[in-house]
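Enquirer: Following this line is data06.csv, made up of CSV, N, CA, C and O atoms and all ligand atoms:
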```csv
chain,number,residue,atom,x,y,z
F,1,MET,N,-5.7,-13.2,2.1
F,1,MET,CA,-4.4,-12.9,1.6
F,1,MET,C,-4.4,-11.5,1.1
F,1,MET,O,-5.3,-11.0,0.5
F,2,LEU,N,-3.3,-10.8,1.4
F,2,LEU,CA,-3.1,-9.4,0.9
F,2,LEU,C,-3.0,-9.3,-0.6
F,2,LEU,O,-2.4,-10.2,-1.2
F,3,LEU,N,-3.6,-8.3,-1.2
F,3,LEU,CA,-3.4,-8.0,-2.6
F,3,LEU,C,-2.0,-7.5,-3.0
F,3,LEU,O,-1.6,-7.8,-4.1
F,4,MET,N,-1.4,-6.8,-2.0
F,4,MET,CA,-0.1,-6.2,-2.3
F,4,MET,C,-0.2,-5.2,-3.5
F,4,MET,O,0.4,-5.4,-4.5
F,5,LYS,N,-1.0,-4.2,-3.3
F,5,LYS,CA,-1.2,-3.2,-4.4
F,5,LYS,C,0.1,-2.5,-4.8
F,5,LYS,O,0.9,-2.3,-3.9
F,6,PRO,N,0.2,-2.2,-6.1
F,6,PRO,CA,1.5,-1.8,-6.6
F,6,PRO,C,1.9,-0.3,-6.4
F,6,PRO,O,3.0,0.1,-6.9
F,7,ASN,N,1.0,0.5,-5.8
F,7,ASN,CA,1.4,2.0,-5.8
F,7,ASN,C,0.7,2.7,-4.6
F,7,ASN,O,-0.3,2.1,-4.0
F,8,CYS,N,1.2,3.9,-4.3
F,8,CYS,CA,0.6,4.7,-3.3
F,8,CYS,C,-0.7,5.4,-3.9
F,8,CYS,O,-0.6,6.0,-5.0
F,9,GLU,N,-1.8,5.4,-3.1
F,9,GLU,CA,-3.0,6.1,-3.6
F,9,GLU,C,-2.9,7.6,-3.7
F,9,GLU,O,-3.6,8.2,-4.4
F,10,CYS,N,-2.0,8.2,-2.9
F,10,CYS,CA,-1.8,9.6,-2.8
F,10,CYS,C,-0.9,10.2,-3.9
F,10,CYS,O,-1.2,11.1,-4.5
F,11,CYS,N,0.3,9.6,-4.0
F,11,CYS,CA,1.3,10.2,-4.9
F,11,CYS,C,1.6,9.3,-6.1
F,11,CYS,O,2.4,9.6,-6.9
F,12,ASN,N,1.0,8.1,-6.1
F,12,ASN,CA,1.2,7.1,-7.3
F,12,ASN,C,2.6,6.5,-7.4
F,12,ASN,O,2.9,5.9,-8.4
F,13,ARG,N,3.4,6.7,-6.3
F,13,ARG,CA,4.7,6.1,-6.3
F,13,ARG,C,4.6,4.6,-6.3
F,13,ARG,O,3.7,4.0,-5.7
F,14,ASP,N,5.5,3.9,-6.9
F,14,ASP,CA,5.5,2.5,-7.0
F,14,ASP,C,5.9,1.9,-5.6
F,14,ASP,O,6.8,2.4,-5.0
F,15,LEU,N,5.1,0.9,-5.2
F,15,LEU,CA,5.4,0.2,-3.9
F,15,LEU,C,5.4,-1.3,-4.2
F,15,LEU,O,4.4,-2.0,-4.0
F,16,PRO,N,6.5,-1.8,-4.7
F,16,PRO,CA,6.6,-3.3,-5.0
F,16,PRO,C,6.5,-4.1,-3.7
F,16,PRO,O,6.6,-3.6,-2.6
F,17,PRO,N,6.2,-5.4,-3.9
F,17,PRO,CA,6.0,-6.3,-2.7
F,17,PRO,C,7.2,-6.3,-1.8
F,17,PRO,O,7.1,-6.7,-0.7
F,18,SER,N,8.4,-5.9,-2.3
F,18,SER,CA,9.6,-5.9,-1.5
F,18,SER,C,9.8,-4.6,-0.8
F,18,SER,O,10.7,-4.5,0.0
F,19,SER,N,8.9,-3.6,-1.0
F,19,SER,CA,9.1,-2.3,-0.4
F,19,SER,C,8.8,-2.3,1.1
F,19,SER,O,7.8,-2.8,1.6
F,20,HIS,N,9.7,-1.6,1.8
F,20,HIS,CA,9.5,-1.4,3.3
F,20,HIS,C,8.8,-0.1,3.5
F,20,HIS,O,8.5,0.2,4.7
F,21,ALA,N,8.4,0.6,2.5
F,21,ALA,CA,7.8,1.9,2.6
F,21,ALA,C,6.3,1.8,2.4
F,21,ALA,O,5.6,2.9,2.5
F,22,ALA,N,5.7,0.7,2.2
F,22,ALA,CA,4.3,0.5,1.9
F,22,ALA,C,3.5,0.4,3.3
F,22,ALA,O,3.9,-0.3,4.1
F,23,MET,N,2.5,1.2,3.4
F,23,MET,CA,1.6,1.2,4.6
F,23,MET,C,0.2,0.9,4.1
F,23,MET,O,-0.3,1.4,3.1
F,24,ILE,N,-0.5,0.1,4.9
F,24,ILE,CA,-1.9,-0.3,4.6
F,24,ILE,C,-2.9,-0.2,5.8
F,24,ILE,O,-2.4,-0.2,6.9
F,25,CYS,N,-4.2,0.0,5.4
F,25,CYS,CA,-5.2,-0.1,6.5
F,25,CYS,C,-5.8,-1.5,6.5
F,25,CYS,O,-5.4,-2.3,5.7
F,26,SER,N,-6.8,-1.7,7.3
F,26,SER,CA,-7.4,-3.0,7.3
F,26,SER,C,-8.1,-3.4,6.1
F,26,SER,O,-8.4,-4.6,5.8
F,27,PHE,N,-8.5,-2.4,5.2
F,27,PHE,CA,-9.1,-2.7,3.9
F,27,PHE,C,-8.1,-2.8,2.8
F,27,PHE,O,-8.4,-2.9,1.6
F,28,GLU,N,-6.8,-2.6,3.2
F,28,GLU,CA,-5.7,-2.6,2.3
F,28,GLU,C,-5.7,-1.4,1.3
F,28,GLU,O,-5.3,-1.5,0.2
F,29,CYS,N,-6.2,-0.3,1.8
F,29,CYS,CA,-5.9,1.0,1.1
F,29,CYS,C,-4.4,1.1,1.3
F,29,CYS,O,-3.9,0.9,2.4
F,30,THR,N,-3.7,1.5,0.3
F,30,THR,CA,-2.2,1.5,0.3
F,30,THR,C,-1.6,2.8,0.1
F,30,THR,O,-1.9,3.5,-0.8
F,31,PHE,N,-0.6,3.2,0.9
F,31,PHE,CA,0.1,4.5,0.9
F,31,PHE,C,1.6,4.3,1.1
F,31,PHE,O,2.0,3.3,1.7
F,32,CYS,N,2.4,5.3,0.7
F,32,CYS,CA,3.8,5.2,1.0
F,32,CYS,C,4.0,5.9,2.3
F,32,CYS,O,3.2,6.6,2.8
F,33,SER,N,5.1,5.6,3.0
F,33,SER,CA,5.4,6.1,4.3
F,33,SER,C,5.5,7.6,4.3
F,33,SER,O,5.1,8.2,5.3
F,34,THR,N,5.9,8.2,3.2
F,34,THR,CA,6.0,9.7,3.2
F,34,THR,C,4.6,10.3,3.2
F,34,THR,O,4.4,11.2,4.0
F,35,CYS,N,3.7,9.8,2.4
F,35,CYS,CA,2.3,10.3,2.5
F,35,CYS,C,1.7,10.1,3.8
F,35,CYS,O,0.9,10.9,4.3
F,36,VAL,N,1.9,8.9,4.4
F,36,VAL,CA,1.3,8.6,5.7
F,36,VAL,C,1.8,9.7,6.7
F,36,VAL,O,1.0,10.1,7.5
F,37,GLU,N,3.0,10.0,6.7
F,37,GLU,CA,3.6,11.0,7.6
F,37,GLU,C,3.1,12.4,7.3
F,37,GLU,O,2.8,13.2,8.2
F,38,THR,N,3.2,12.8,6.0
F,38,THR,CA,3.1,14.2,5.7
F,38,THR,C,1.7,14.6,5.2
F,38,THR,O,1.3,15.8,5.2
F,39,ARG,N,0.9,13.7,4.7
F,39,ARG,CA,-0.4,14.1,4.1
F,39,ARG,C,-1.6,13.5,4.8
F,39,ARG,O,-2.6,14.2,5.0
F,40,VAL,N,-1.6,12.2,5.2
F,40,VAL,CA,-2.8,11.7,5.9
F,40,VAL,C,-2.6,11.4,7.4
F,40,VAL,O,-3.5,11.1,8.1
F,41,HIS,N,-1.3,11.7,7.8
F,41,HIS,CA,-1.0,11.7,9.3
F,41,HIS,C,-1.5,10.4,10.0
F,41,HIS,O,-2.2,10.5,11.0
F,42,GLY,N,-1.1,9.3,9.4
F,42,GLY,CA,-1.3,8.0,10.1
F,42,GLY,C,-2.7,7.4,10.0
F,42,GLY,O,-3.0,6.3,10.5
F,43,ARG,N,-3.7,8.1,9.4
F,43,ARG,CA,-5.1,7.6,9.3
F,43,ARG,C,-5.4,7.5,7.8
F,43,ARG,O,-5.1,8.3,7.0
F,44,CYS,N,-6.1,6.4,7.5
F,44,CYS,CA,-6.5,6.1,6.1
F,44,CYS,C,-7.6,7.2,5.8
F,44,CYS,O,-8.6,7.3,6.5
F,45,PRO,N,-7.4,8.0,4.7
F,45,PRO,CA,-8.4,9.0,4.3
F,45,PRO,C,-9.7,8.4,3.8
F,45,PRO,O,-10.7,9.0,3.7
F,46,ASN,N,-9.7,7.1,3.5
F,46,ASN,CA,-10.9,6.4,2.9
F,46,ASN,C,-11.8,5.9,4.0
F,46,ASN,O,-13.0,6.1,4.0
F,47,CYS,N,-11.2,5.3,5.1
F,47,CYS,CA,-12.0,4.6,6.1
F,47,CYS,C,-11.7,5.1,7.5
F,47,CYS,O,-12.4,4.7,8.4
F,48,GLY,N,-10.7,6.0,7.7
F,48,GLY,CA,-10.4,6.5,9.0
F,48,GLY,C,-9.6,5.6,9.8
F,48,GLY,O,-9.4,5.8,11.0
F,49,GLY,N,-9.3,4.4,9.3
F,49,GLY,CA,-8.6,3.4,10.0
F,49,GLY,C,-7.1,3.6,10.2
F,49,GLY,O,-6.5,4.5,9.5
F,50,GLU,N,-6.5,2.8,11.0
F,50,GLU,CA,-5.1,2.8,11.3
F,50,GLU,C,-4.3,2.3,10.1
F,50,GLU,O,-4.7,1.4,9.4
F,51,LEU,N,-3.1,3.0,9.9
F,51,LEU,CA,-2.2,2.5,8.8
F,51,LEU,C,-1.0,1.9,9.4
F,51,LEU,O,-0.3,2.5,10.3
F,52,VAL,N,-0.6,0.7,9.0
F,52,VAL,CA,0.6,0.0,9.5
F,52,VAL,C,1.4,-0.5,8.3
F,52,VAL,O,0.9,-0.6,7.2
F,53,ARG,N,2.7,-0.8,8.6
F,53,ARG,CA,3.6,-1.2,7.5
F,53,ARG,C,3.1,-2.5,7.0
F,53,ARG,O,2.8,-3.4,7.7
F,54,ARG,N,3.1,-2.6,5.6
F,54,ARG,CA,2.7,-3.8,5.0
F,54,ARG,C,3.9,-4.8,5.0
F,54,ARG,O,5.0,-4.4,4.7
F,55,PRO,N,3.7,-6.0,5.4
F,55,PRO,CA,4.8,-7.0,5.4
F,55,PRO,C,5.3,-7.2,4.0
F,55,PRO,O,4.5,-7.2,3.0
F,56,VAL,N,6.6,-7.5,3.9
F,56,VAL,CA,7.2,-7.8,2.6
F,56,VAL,C,6.8,-9.3,2.3
F,56,VAL,O,6.8,-10.1,3.2
F,57,ARG,N,6.5,-9.5,1.0
F,57,ARG,CA,6.3,-10.9,0.6
F,57,ARG,C,7.5,-11.5,-0.1
F,57,ARG,O,8.0,-10.9,-1.0
F,58,PRO,N,8.1,-12.6,0.5
F,58,PRO,CA,9.3,-13.1,-0.1
F,58,PRO,C,9.1,-13.5,-1.6
F,58,PRO,O,8.0,-13.9,-2.0
F,59,VAL,N,10.2,-13.5,-2.3
F,59,VAL,CA,10.2,-13.7,-3.7
F,59,VAL,C,9.7,-15.1,-4.0
F,59,VAL,O,8.9,-15.3,-5.0
F,60,GLU,N,10.0,-16.1,-3.3
F,60,GLU,CA,9.5,-17.5,-3.5
F,60,GLU,C,8.0,-17.5,-3.4
F,60,GLU,O,7.3,-18.2,-4.2
F,61,ALA,N,7.5,-16.8,-2.4
F,61,ALA,CA,6.0,-16.8,-2.2
F,61,ALA,C,5.3,-16.0,-3.3
F,61,ALA,O,4.2,-16.4,-3.7
F,62,LEU,N,6.0,-15.0,-3.8
F,62,LEU,CA,5.4,-14.2,-4.9
F,62,LEU,C,5.2,-15.0,-6.2
F,62,LEU,O,4.3,-14.8,-7.0
F,63,ARG,N,6.1,-16.0,-6.4
F,63,ARG,CA,5.9,-16.9,-7.6
F,63,ARG,C,4.6,-17.6,-7.6
F,63,ARG,O,3.9,-17.8,-8.5
F,64,ARG,N,4.3,-18.1,-6.4
F,64,ARG,CA,3.0,-18.8,-6.2
F,64,ARG,C,1.8,-17.9,-6.0
F,64,ARG,O,0.7,-18.2,-6.4
F,65,TYR,N,2.0,-16.8,-5.3
F,65,TYR,CA,1.0,-15.9,-4.9
F,65,TYR,C,1.3,-14.5,-5.4
F,65,TYR,O,1.8,-13.7,-4.6
F,66,PRO,N,1.2,-14.2,-6.7
F,66,PRO,CA,1.6,-12.9,-7.2
F,66,PRO,C,0.8,-11.8,-6.7
F,66,PRO,O,-0.3,-11.9,-6.3
F,67,ALA,N,1.5,-10.6,-6.6
F,67,ALA,CA,0.8,-9.4,-6.2
F,67,ALA,C,-0.1,-8.9,-7.3
F,67,ALA,O,0.1,-9.2,-8.5
F,68,THR,N,-1.2,-8.1,-6.9
F,68,THR,CA,-2.1,-7.6,-7.9
F,68,THR,C,-1.4,-6.5,-8.8
F,68,THR,O,-0.5,-5.9,-8.3
F,69,GLY,N,-1.8,-6.4,-10.0
F,69,GLY,CA,-1.2,-5.3,-10.8
F,69,GLY,C,-2.1,-4.1,-10.9
F,69,GLY,O,-1.8,-3.1,-11.6
F,70,GLU,N,-3.3,-4.2,-10.2
F,70,GLU,CA,-4.3,-3.1,-10.3
F,70,GLU,C,-3.9,-1.9,-9.5
F,70,GLU,O,-3.8,-2.0,-8.3
F,71,ARG,N,-3.7,-0.8,-10.1
F,71,ARG,CA,-3.4,0.4,-9.4
F,71,ARG,C,-4.6,1.2,-8.9
F,71,ARG,O,-5.6,1.3,-9.7
F,72,THR,N,-4.5,1.7,-7.7
F,72,THR,CA,-5.5,2.6,-7.2
F,72,THR,C,-4.9,4.0,-7.0
F,72,THR,O,-3.9,4.1,-6.3
F,73,PHE,N,-5.4,5.0,-7.6
F,73,PHE,CA,-4.8,6.4,-7.4
F,73,PHE,C,-6.0,7.4,-7.2
F,73,PHE,O,-6.8,7.6,-8.0
F,74,LYS,N,-6.0,7.9,-5.9
F,74,LYS,CA,-7.1,8.8,-5.5
F,74,LYS,C,-6.6,10.0,-4.8
F,74,LYS,O,-6.8,10.1,-3.6
F,75,PRO,N,-5.9,10.8,-5.5
F,75,PRO,CA,-5.2,12.0,-4.8
F,75,PRO,C,-6.1,13.0,-4.2
F,75,PRO,O,-5.8,13.7,-3.3
F,76,GLN,N,-7.4,12.9,-4.6
F,76,GLN,CA,-8.4,13.9,-4.0
F,76,GLN,C,-8.6,13.6,-2.5
F,76,GLN,O,-9.0,14.5,-1.8
F,77,GLY,N,-8.4,12.4,-2.1
F,77,GLY,CA,-8.6,12.1,-0.6
F,77,GLY,C,-7.4,12.5,0.2
F,77,GLY,O,-7.5,12.2,1.4
F,78,CYS,N,-6.4,13.0,-0.4
F,78,CYS,CA,-5.1,13.1,0.4
F,78,CYS,C,-4.6,14.5,0.5
F,78,CYS,O,-3.4,14.8,0.3
F,79,ALA,N,-5.5,15.4,0.7
F,79,ALA,CA,-5.1,16.9,0.8
F,79,ALA,C,-4.1,17.2,1.8
F,79,ALA,O,-4.0,16.5,2.9
Y,1,ZN,ZN,2.7,8.4,-1.4
Y,2,ZN,ZN,-8.8,2.4,4.5
```
Can the structure in the file be given as structure tokens, please?
Ligand SMILES: [Zn+2]
Ligand SMILES: [Zn+2]

Expert:
Amino acid sequence: MLLMKPNCECCNRDLPPSSHAAMICSFECTFCSTCVETRVHGRCPNCGGELVRRPVRPVEALRRYPATGERTFKPQGCA
């Protein structure tokens, strides 16, 4: 199950489970679509993997399977 991390690792922008701007790699490193386009250019700076749009989790599902509240912020990898 996806953790649905709450923010972008590069710019710390909030990415709620309903956001269509969240992008993830296979390890679920999480970025906003702006940083994916302008800063890391489609590749995860941590693992080199592909970044794809994270699916939205419906509100009903979130009640049973809440998103993680743990923020990851590593701007040094996003030059
Ligand atoms: Zn960002
Ligand atoms: Zn990664």

Enquirer: I'd like the neighbourhood of Gln76 (chain F) as a ChimeraX atom specification, where a residue qualifies if any of its atoms comes within 8 Å (using only N, CA, C and O atoms), though same-chain residues fewer than 5 positions away should be ignored.

Expert: /F:9-10,45

Enquirer: For a cut-off of 6 Å around (-4.7, -3.2, -0.5), file coordinates, pick out all residues using only N, CA, C and O atoms and list them as JSON, numbers by chain.

Expert: {"F": [3, 4, 5, 27, 28, 29, 30]}

Enquirer: Residues up to 10 Å from ligand ZN 2 (chain Y), counting only C-alpha atoms and all ligand atoms: could you list those as number ranges by chain?

Expert: F: 24-31, 43-51

Enquirer: If you keep N, CA, C and O atoms, can you produce a file of those selected residues as a compact mmCIF listing (two decimals), keeping the file's coordinate frame?

Expert:
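selection08.txt was written with the following content:
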```
# COMPACT_ATOMS: atom_id res chain seq x y z
N ILE F 24 -0.50 0.10 4.90
CA ILE F 24 -1.90 -0.30 4.60
C ILE F 24 -2.90 -0.20 5.80
O ILE F 24 -2.40 -0.20 6.90
N CYS F 25 -4.20 0.00 5.40
CA CYS F 25 -5.20 -0.10 6.50
C CYS F 25 -5.80 -1.50 6.50
O CYS F 25 -5.40 -2.30 5.70
N SER F 26 -6.80 -1.70 7.30
CA SER F 26 -7.40 -3.00 7.30
C SER F 26 -8.10 -3.40 6.10
O SER F 26 -8.40 -4.60 5.80
N PHE F 27 -8.50 -2.40 5.20
CA PHE F 27 -9.10 -2.70 3.90
C PHE F 27 -8.10 -2.80 2.80
O PHE F 27 -8.40 -2.90 1.60
N GLU F 28 -6.80 -2.60 3.20
CA GLU F 28 -5.70 -2.60 2.30
C GLU F 28 -5.70 -1.40 1.30
O GLU F 28 -5.30 -1.50 0.20
N CYS F 29 -6.20 -0.30 1.80
CA CYS F 29 -5.90 1.00 1.10
C CYS F 29 -4.40 1.10 1.30
O CYS F 29 -3.90 0.90 2.40
N THR F 30 -3.70 1.50 0.30
CA THR F 30 -2.20 1.50 0.30
C THR F 30 -1.60 2.80 0.10
O THR F 30 -1.90 3.50 -0.80
N PHE F 31 -0.60 3.20 0.90
CA PHE F 31 0.10 4.50 0.90
C PHE F 31 1.60 4.30 1.10
O PHE F 31 2.00 3.30 1.70
N ARG F 43 -3.70 8.10 9.40
CA ARG F 43 -5.10 7.60 9.30
C ARG F 43 -5.40 7.50 7.80
O ARG F 43 -5.10 8.30 7.00
N CYS F 44 -6.10 6.40 7.50
CA CYS F 44 -6.50 6.10 6.10
C CYS F 44 -7.60 7.20 5.80
O CYS F 44 -8.60 7.30 6.50
N PRO F 45 -7.40 8.00 4.70
CA PRO F 45 -8.40 9.00 4.30
C PRO F 45 -9.70 8.40 3.80
O PRO F 45 -10.70 9.00 3.70
N ASN F 46 -9.70 7.10 3.50
CA ASN F 46 -10.90 6.40 2.90
C ASN F 46 -11.80 5.90 4.00
O ASN F 46 -13.00 6.10 4.00
N CYS F 47 -11.20 5.30 5.10
CA CYS F 47 -12.00 4.60 6.10
C CYS F 47 -11.70 5.10 7.50
O CYS F 47 -12.40 4.70 8.40
N GLY F 48 -10.70 6.00 7.70
CA GLY F 48 -10.40 6.50 9.00
C GLY F 48 -9.60 5.60 9.80
O GLY F 48 -9.40 5.80 11.00
N GLY F 49 -9.30 4.40 9.30
CA GLY F 49 -8.60 3.40 10.00
C GLY F 49 -7.10 3.60 10.20
O GLY F 49 -6.50 4.50 9.50
N GLU F 50 -6.50 2.80 11.00
CA GLU F 50 -5.10 2.80 11.30
C GLU F 50 -4.30 2.30 10.10
O GLU F 50 -4.70 1.40 9.40
N LEU F 51 -3.10 3.00 9.90
CA LEU F 51 -2.20 2.50 8.80
C LEU F 51 -1.00 1.90 9.40
O LEU F 51 -0.30 2.50 10.30
```

Enquirer: Counting only C-alpha atoms and all ligand atoms, which residues in chain F sit no more than 7 Å from ligand ZN 1 (chain Y)? For each one, give the nearest pair of atoms and the distance in Å, sorted by chain then residue number, as CSV.

Expert:
```
residue,atom,partner,partner_atom,distance
F:Cys8,CA,Y:ZN1,ZN,4.7
F:Glu9,CA,Y:ZN1,ZN,6.5
F:Cys10,CA,Y:ZN1,ZN,4.9
F:Cys11,CA,Y:ZN1,ZN,4.2
F:Asn12,CA,Y:ZN1,ZN,6.2
F:Arg13,CA,Y:ZN1,ZN,5.8
F:Phe31,CA,Y:ZN1,ZN,5.2
F:Cys32,CA,Y:ZN1,ZN,4.1
F:Ser33,CA,Y:ZN1,ZN,6.7
F:Thr34,CA,Y:ZN1,ZN,5.8
F:Cys35,CA,Y:ZN1,ZN,4.4
```

Enquirer: Which residue, F:Gly42, F:Arg53, F:Pro6, F:Met1, has the smallest gap to Gly69 (chain F) when you use only N, CA, C and O atoms?

Expert: F:Pro6

Enquirer: Just the number, please: distance in Å from atom C of Arg64 (chain F) to atom N of Val52 (chain F), one decimal.

Expert: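 Taking atom C of Arg64 (chain F) and atom N of Val52 (chain F), their separation equals 24.0 Å.
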
Enquirer: If you measure from atom C of Leu2 (chain F) to CA of Lys74 (chain F), what distance in Å do you get, rounded to one decimal?

Expert: 19.2 Å

Enquirer: Could you tell me how far CA of Val36 (chain F) sits from CA of Arg57 (chain F), in Å to one decimal place?

Expert: 20.8 Å

Enquirer: Taking the DSSP secondary structure from the backbone, can you list the residues of chain F that are strand (DSSP E or B), as a list in words?

Expert: Asn7, Asp14, Ala22, Met23, Ile24, Thr30, Phe31, Cys32, Arg43, Glu50, Val52 and Arg53 of chain F

Enquirer: Using all atoms listed in the file, which of F:Ala61, F:Ala67, F:Ala79, F:Val56 sits nearest Ser18 (chain F)?

Expert: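 Nearest to Ser18 (chain F): F:Val56.
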
Enquirer: For Ser19 (chain F), list every protein, DNA or RNA residue within 9 Å, evaluated using only C-alpha atoms, and leave out those in the same chain fewer than 2 positions away; present the list as a PyMOL selection string.

Expert: chain F and resi 14-17+21-22+54-56

Enquirer: Would you mind exporting the chosen residues as an mmCIF file, in the frame of the given file, restricted to N, CA, C and O atoms?

Expert:
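New file selection36.cif:
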```cif
data_model
loop_
_atom_site.group_PDB
_atom_site.id
_atom_site.type_symbol
_atom_site.label_atom_id
_atom_site.label_comp_id
_atom_site.auth_asym_id
_atom_site.auth_seq_id
_atom_site.Cartn_x
_atom_site.Cartn_y
_atom_site.Cartn_z
ATOM 1 N N ASP F 14 5.500 3.900 -6.900
ATOM 2 C CA ASP F 14 5.500 2.500 -7.000
ATOM 3 C C ASP F 14 5.900 1.900 -5.600
ATOM 4 O O ASP F 14 6.800 2.400 -5.000
ATOM 5 N N LEU F 15 5.100 0.900 -5.200
ATOM 6 C CA LEU F 15 5.400 0.200 -3.900
ATOM 7 C C LEU F 15 5.400 -1.300 -4.200
ATOM 8 O O LEU F 15 4.400 -2.000 -4.000
ATOM 9 N N PRO F 16 6.500 -1.800 -4.700
ATOM 10 C CA PRO F 16 6.600 -3.300 -5.000
ATOM 11 C C PRO F 16 6.500 -4.100 -3.700
ATOM 12 O O PRO F 16 6.600 -3.600 -2.600
ATOM 13 N N PRO F 17 6.200 -5.400 -3.900
ATOM 14 C CA PRO F 17 6.000 -6.300 -2.700
ATOM 15 C C PRO F 17 7.200 -6.300 -1.800
ATOM 16 O O PRO F 17 7.100 -6.700 -0.700
ATOM 17 N N ALA F 21 8.400 0.600 2.500
ATOM 18 C CA ALA F 21 7.800 1.900 2.600
ATOM 19 C C ALA F 21 6.300 1.800 2.400
ATOM 20 O O ALA F 21 5.600 2.900 2.500
ATOM 21 N N ALA F 22 5.700 0.700 2.200
ATOM 22 C CA ALA F 22 4.300 0.500 1.900
ATOM 23 C C ALA F 22 3.500 0.400 3.300
ATOM 24 O O ALA F 22 3.900 -0.300 4.100
ATOM 25 N N ARG F 54 3.100 -2.600 5.600
ATOM 26 C CA ARG F 54 2.700 -3.800 5.000
ATOM 27 C C ARG F 54 3.900 -4.800 5.000
ATOM 28 O O ARG F 54 5.000 -4.400 4.700
ATOM 29 N N PRO F 55 3.700 -6.000 5.400
ATOM 30 C CA PRO F 55 4.800 -7.000 5.400
ATOM 31 C C PRO F 55 5.300 -7.200 4.000
ATOM 32 O O PRO F 55 4.500 -7.200 3.000
ATOM 33 N N VAL F 56 6.600 -7.500 3.900
ATOM 34 C CA VAL F 56 7.200 -7.800 2.600
ATOM 35 C C VAL F 56 6.800 -9.300 2.300
ATOM 36 O O VAL F 56 6.800 -10.100 3.200
#
```

Enquirer: List every residue of region 27-60 of chain F that DSSP, applied to the backbone of this structure, assigns to helix (DSSP H, G or I), and report them as a PyMOL selection string.

Expert: chain F and resi 33-38+59-60
